[in-house]
Amino acid sequence: MHWYEPDTRWDLYAKSREEFVDRFVVEGKFHKNVPEDIVTDFQTVSYIMAHSYYHWPMFDEAMSKLLLIMEMAIKLKAKALGIPTKNGKRDKRLVNIINDVFENDYLKFLKPDFDRARNFRNIKMHPDNLMFMGAMGFTDANARLFANTINLLFLESNELNKLHSTIHELESILKPFKTGIHVLQFQDKKILIDGFYTFKYREFENNKLLLLYINPLTTNVHEKFVEKKYPEPLIIAFKDYKIKEESIEGVDLKGKLMKVYIDDKVQNLKAYINYHKALSKIPEKDKQMFFQLNSSNALWQMEKIFYENCWS
């Protein structure tokens with residue numbers, strides 16, 4: 001029966017069904033305060049993803065289902081907050097429900113993700129033509145992002161306020177490490193880095209994760225930017241850490257010691273200067289293209305780390 005024959009379009013991405021499932025199927029991971037309707041509906045998303053191994057376009061249908069789950073989540077949160085979802089007998093517009101929910105200060109940082117999902121939903125629900133994205137549509141990455149966002153949406157207000165407070169403190173404490181000459185030391189290796197681009201922090205129960213998207217100094221600047229031999233973004237994750245005046249010290253997700261520290265000795269200074277001289281000769285369009293693609297990949301990686309390590 002042809003319905004159970006693997007779709008050969010996946011051959012570009014996975015050599016077997018097991019590899020496909022490992023790479024592309026996302027199961028829901030939610031804490032106890034997330035409504036059961038969402039948990040159950042997310043199971044359907046996982047099944048649609050898994051069965052798309054036999055029919056590539058089903059992967060896009062998983063995305064459609066995810067967008068409906070995001071709509072359901074915001075409506076359930078509105079009801080929990082006592083916010084009406086109807087005007088009389090008519091349903092309120094989704095954009096108005098979102099705006100009402102995110103008037104709460106402790107939730108405002110989640111609004112961009114829900115606005116993005118709403119805009120994407122409008123496009124998906126009112127298509128101009130038939131279009132399949134498959135693996136290129138980042139359905140699996142969006143599934144992890146949406147799961148993370150929904151988990152945050154249903155945290156208690158005191159937990160979110162504590163998270164906000166810690167992030168605000170980190171913005172100040174991490175400033176000395178944002179730019180300049182630093183060394184990343186882990187597993188008996190040392191990498192010279194030019195600070196970090198951005199950080200993200202999440203905290204849930206006993207899980208505390210500090211992620212840094214860092215910029216390693218490379219001697220292959222032309223190859224990296226002009227020849228477009230882009231390396232994978234370098235994300236480091238501290239499961240436990242202490243921030244000192246000139247270092248960030250702690251352990252990674254595997255319990256291995258890791259350290260970022262300021263080190264401007266002569267040879268490091270020379271490498272730093274040479275890197276920036278080479279970088280100044282790179283056309284702006286090449287730099288922008290690299291940073292756009294690399295940063296996008298970095299943010300997906302960060303969400304994956306949170307998804308795999310924060311929730312039950």
# chains A, B, ... in the order shown; residues from 1 in each chain; ligands from 1

$ residues_around --residues "segment 88-105 of chain A" --least-positions-apart "4" --cutoff "9 Å" --atoms "only C-alpha atoms" --output "PDB file with N, CA and C atoms, in the first residue's frame"
ATOM      1  N   GLU A  71      -3.078  29.535  19.215  1.00  0.00           N
ATOM      2  CA  GLU A  71      -4.326  30.297  19.371  1.00  0.00           C
ATOM      3  C   GLU A  71      -5.109  29.795  20.578  1.00  0.00           C
ATOM      4  N   ILE A  74      -3.493  31.000  23.925  1.00  0.00           N
ATOM      5  CA  ILE A  74      -3.723  32.383  24.330  1.00  0.00           C
ATOM      6  C   ILE A  74      -5.163  32.575  24.806  1.00  0.00           C
ATOM      7  N   LYS A  75      -6.104  31.839  24.220  1.00  0.00           N
ATOM      8  CA  LYS A  75      -7.501  31.942  24.657  1.00  0.00           C
ATOM      9  C   LYS A  75      -7.687  31.322  26.038  1.00  0.00           C
ATOM     10  N   LYS A  77      -5.350  31.102  28.332  1.00  0.00           N
ATOM     11  CA  LYS A  77      -4.702  32.016  29.282  1.00  0.00           C
ATOM     12  C   LYS A  77      -5.601  33.211  29.560  1.00  0.00           C
ATOM     13  N   ALA A  78      -6.261  33.713  28.509  1.00  0.00           N
ATOM     14  CA  ALA A  78      -7.181  34.833  28.694  1.00  0.00           C
ATOM     15  C   ALA A  78      -8.298  34.451  29.676  1.00  0.00           C
ATOM     16  N   LEU A  81      -7.152  34.403  33.190  1.00  0.00           N
ATOM     17  CA  LEU A  81      -6.944  35.758  33.726  1.00  0.00           C
ATOM     18  C   LEU A  81      -8.250  36.527  33.855  1.00  0.00           C
ATOM     19  N   ILE A  83     -10.176  37.395  31.309  1.00  0.00           N
ATOM     20  CA  ILE A  83     -10.307  38.280  30.149  1.00  0.00           C
ATOM     21  C   ILE A  83     -11.317  37.679  29.177  1.00  0.00           C
ATOM     22  N   PRO A  84     -12.379  38.400  28.823  1.00  0.00           N
ATOM     23  CA  PRO A  84     -13.389  37.860  27.898  1.00  0.00           C
ATOM     24  C   PRO A  84     -12.782  37.559  26.522  1.00  0.00           C
ATOM     25  N   PHE A 109       7.017  40.028  27.546  1.00  0.00           N
ATOM     26  CA  PHE A 109       8.154  39.566  26.751  1.00  0.00           C
ATOM     27  C   PHE A 109       7.783  38.399  25.834  1.00  0.00           C
ATOM     28  N   LEU A 110       6.619  37.779  26.058  1.00  0.00           N
ATOM     29  CA  LEU A 110       6.171  36.679  25.209  1.00  0.00           C
ATOM     30  C   LEU A 110       5.354  37.166  24.013  1.00  0.00           C
ATOM     31  N   LYS A 111       4.951  38.403  24.002  1.00  0.00           N
ATOM     32  CA  LYS A 111       4.056  38.909  22.957  1.00  0.00           C
ATOM     33  C   LYS A 111       4.637  38.772  21.547  1.00  0.00           C
ATOM     34  N   PHE A 114       3.888  35.379  20.073  1.00  0.00           N
ATOM     35  CA  PHE A 114       2.481  35.152  19.744  1.00  0.00           C
ATOM     36  C   PHE A 114       2.039  36.003  18.553  1.00  0.00           C
ATOM     37  N   ASP A 115       2.574  37.216  18.442  1.00  0.00           N
ATOM     38  CA  ASP A 115       2.276  38.035  17.260  1.00  0.00           C
ATOM     39  C   ASP A 115       2.801  37.359  15.995  1.00  0.00           C
ATOM     40  N   ARG A 118       0.576  34.489  15.178  1.00  0.00           N
ATOM     41  CA  ARG A 118      -0.704  34.964  14.629  1.00  0.00           C
ATOM     42  C   ARG A 118      -0.550  35.371  13.162  1.00  0.00           C
ATOM     43  N   ASN A 161       8.029  36.747  37.342  1.00  0.00           N
ATOM     44  CA  ASN A 161       8.628  37.966  37.892  1.00  0.00           C
ATOM     45  C   ASN A 161      10.059  37.713  38.340  1.00  0.00           C
TER      46      ASN A 161
END

$ residues_around --residues "segment 5-9 of chain A" --least-positions-apart "6" --cutoff "7 Å" --atoms "only C-alpha atoms" --output "short mmCIF file (atom, residue, chain, number, x, y, z; two decimals) with C-alpha atoms, in the first residue's frame"
data_model
loop_
_atom_site.label_atom_id
_atom_site.label_comp_id
_atom_site.auth_asym_id
_atom_site.auth_seq_id
_atom_site.Cartn_x
_atom_site.Cartn_y
_atom_site.Cartn_z
CA TYR A 53 7.87 10.32 6.77
CA TYR A 54 5.44 8.72 4.31
CA HIS A 55 4.13 11.98 2.82
CA TRP A 56 6.30 15.10 2.88
#

$ select_by_dssp --residues "segment 87-293 of chain A" --states "helix (DSSP H, G or I)" --output "ChimeraX atom specification"
/A:94-101,105-125,134-137,139-153,157-173,175-177,221-225,266-280,284-293

$ closest_residue --among "A:Lys281, A:Asn158, A:Pro233, A:Val25" --to "His51 of chain A" --atoms "only C-alpha atoms"
A:Val25

$ residues_around --residues "segment 265-275 of chain A" --least-positions-apart "3" --cutoff "8 Å" --atoms "only C-alpha atoms" --output "ChimeraX atom specification"
/A:181,192,194,217-219,221,278-279

$ residues_around --residues "Leu211 of chain A" --least-positions-apart "2" --cutoff "8 Å" --atoms "only C-alpha atoms" --output "PDB file with C-alpha atoms, in the first residue's frame"
ATOM      1  CA  PHE A 199      22.515  35.683  26.087  1.00  0.00           C
ATOM      2  CA  LYS A 200      19.349  33.931  27.210  1.00  0.00           C
ATOM      3  CA  TYR A 201      18.397  32.741  30.660  1.00  0.00           C
ATOM      4  CA  LEU A 209      20.311  27.686  32.319  1.00  0.00           C
ATOM      5  CA  TYR A 213      25.963  32.919  21.798  1.00  0.00           C
ATOM      6  CA  ILE A 235      26.412  28.310  21.931  1.00  0.00           C
ATOM      7  CA  ILE A 236      27.692  27.578  25.408  1.00  0.00           C
ATOM      8  CA  ALA A 237      25.318  26.511  28.157  1.00  0.00           C
ATOM      9  CA  PHE A 238      26.025  26.947  31.853  1.00  0.00           C
ATOM     10  CA  MET A 302      19.017  28.054  22.110  1.00  0.00           C
TER      11      MET A 302
END

$ residues_around --residues "segment 146-148 of chain A" --least-positions-apart "6" --cutoff "8 Å" --atoms "only C-alpha atoms" --output "list in words"
Gly28, Lys29, Phe30, Leu66, Met70, Glu303, Phe306 and Tyr307 of chain A

$ write_last_selection --atoms "N, CA, C and O atoms" --output "PDB file, in the first residue's frame"
ATOM      1  N   GLY A  28       5.714  16.765  22.860  1.00  0.00           N
ATOM      2  CA  GLY A  28       5.437  17.835  23.812  1.00  0.00           C
ATOM      3  C   GLY A  28       6.092  17.588  25.163  1.00  0.00           C
ATOM      4  O   GLY A  28       6.048  16.468  25.680  1.00  0.00           O
ATOM      5  N   LYS A  29       6.698  18.626  25.719  1.00  0.00           N
ATOM      6  CA  LYS A  29       7.255  18.570  27.073  1.00  0.00           C
ATOM      7  C   LYS A  29       6.695  19.769  27.825  1.00  0.00           C
ATOM      8  O   LYS A  29       7.063  20.912  27.526  1.00  0.00           O
ATOM      9  N   PHE A  30       5.812  19.500  28.778  1.00  0.00           N
ATOM     10  CA  PHE A  30       5.106  20.590  29.448  1.00  0.00           C
ATOM     11  C   PHE A  30       5.063  20.361  30.961  1.00  0.00           C
ATOM     12  O   PHE A  30       5.019  19.222  31.425  1.00  0.00           O
ATOM     13  N   LEU A  66       0.120  23.365  14.907  1.00  0.00           N
ATOM     14  CA  LEU A  66       0.846  24.109  15.944  1.00  0.00           C
ATOM     15  C   LEU A  66       0.311  25.533  16.089  1.00  0.00           C
ATOM     16  O   LEU A  66       0.174  26.047  17.206  1.00  0.00           O
ATOM     17  N   MET A  70      -1.296  27.408  19.397  1.00  0.00           N
ATOM     18  CA  MET A  70      -0.906  28.711  19.947  1.00  0.00           C
ATOM     19  C   MET A  70      -2.136  29.593  20.152  1.00  0.00           C
ATOM     20  O   MET A  70      -2.243  30.319  21.153  1.00  0.00           O
ATOM     21  N   GLU A 303      16.659  27.655  21.676  1.00  0.00           N
ATOM     22  CA  GLU A 303      15.335  27.143  22.009  1.00  0.00           C
ATOM     23  C   GLU A 303      15.359  25.621  22.164  1.00  0.00           C
ATOM     24  O   GLU A 303      14.672  25.069  23.023  1.00  0.00           O
ATOM     25  N   PHE A 306      16.761  24.814  25.621  1.00  0.00           N
ATOM     26  CA  PHE A 306      15.751  25.040  26.651  1.00  0.00           C
ATOM     27  C   PHE A 306      14.705  23.936  26.636  1.00  0.00           C
ATOM     28  O   PHE A 306      14.303  23.421  27.691  1.00  0.00           O
ATOM     29  N   TYR A 307      14.246  23.587  25.433  1.00  0.00           N
ATOM     30  CA  TYR A 307      13.208  22.552  25.288  1.00  0.00           C
ATOM     31  C   TYR A 307      13.689  21.219  25.878  1.00  0.00           C
ATOM     32  O   TYR A 307      12.934  20.531  26.578  1.00  0.00           O
TER      33      TYR A 307
END

$ select_by_dssp --residues "segment 103-284 of chain A" --states "strand (DSSP E or B)" --output "ChimeraX atom specification"
/A:182-186,189-204,207-216,234-238,240-243,247-251,257-262

$ atom_distance --atom1 "atom CA of Leu234 of chain A" --atom2 "atom CA of Arg116 of chain A"
25.7 Å

$ residues_around --residues "Glu246 of chain A" --least-positions-apart "5" --cutoff "9 Å" --atoms "only C-alpha atoms" --output "list in words"
Pro176, Phe177, Val260, Tyr261, Ile262 and Asp263 of chain A

$ atom_distance --atom1 "atom CA of Asn122 of chain A" --atom2 "atom CA of Ser296 of chain A"
22.5 Å

$ closest_residue --among "A:Lys175, A:Asp264, A:Ile214, A:Trp3" --to "Ile193 of chain A" --atoms "only C-alpha atoms"
A:Ile214

$ closest_residue --among "A:Glu156, A:Pro57, A:Met72, A:Asp22" --to "Phe42 of chain A" --atoms "only C-alpha atoms"
A:Met72

$ closest_residue --among "A:Arg23, A:His276, A:Lys79, A:His164" --to "Lys108 of chain A" --atoms "only C-alpha atoms"
A:His164

$ atom_distance --atom1 "atom CA of Met1 of chain A" --atom2 "atom CA of Thr139 of chain A"
27.2 Å
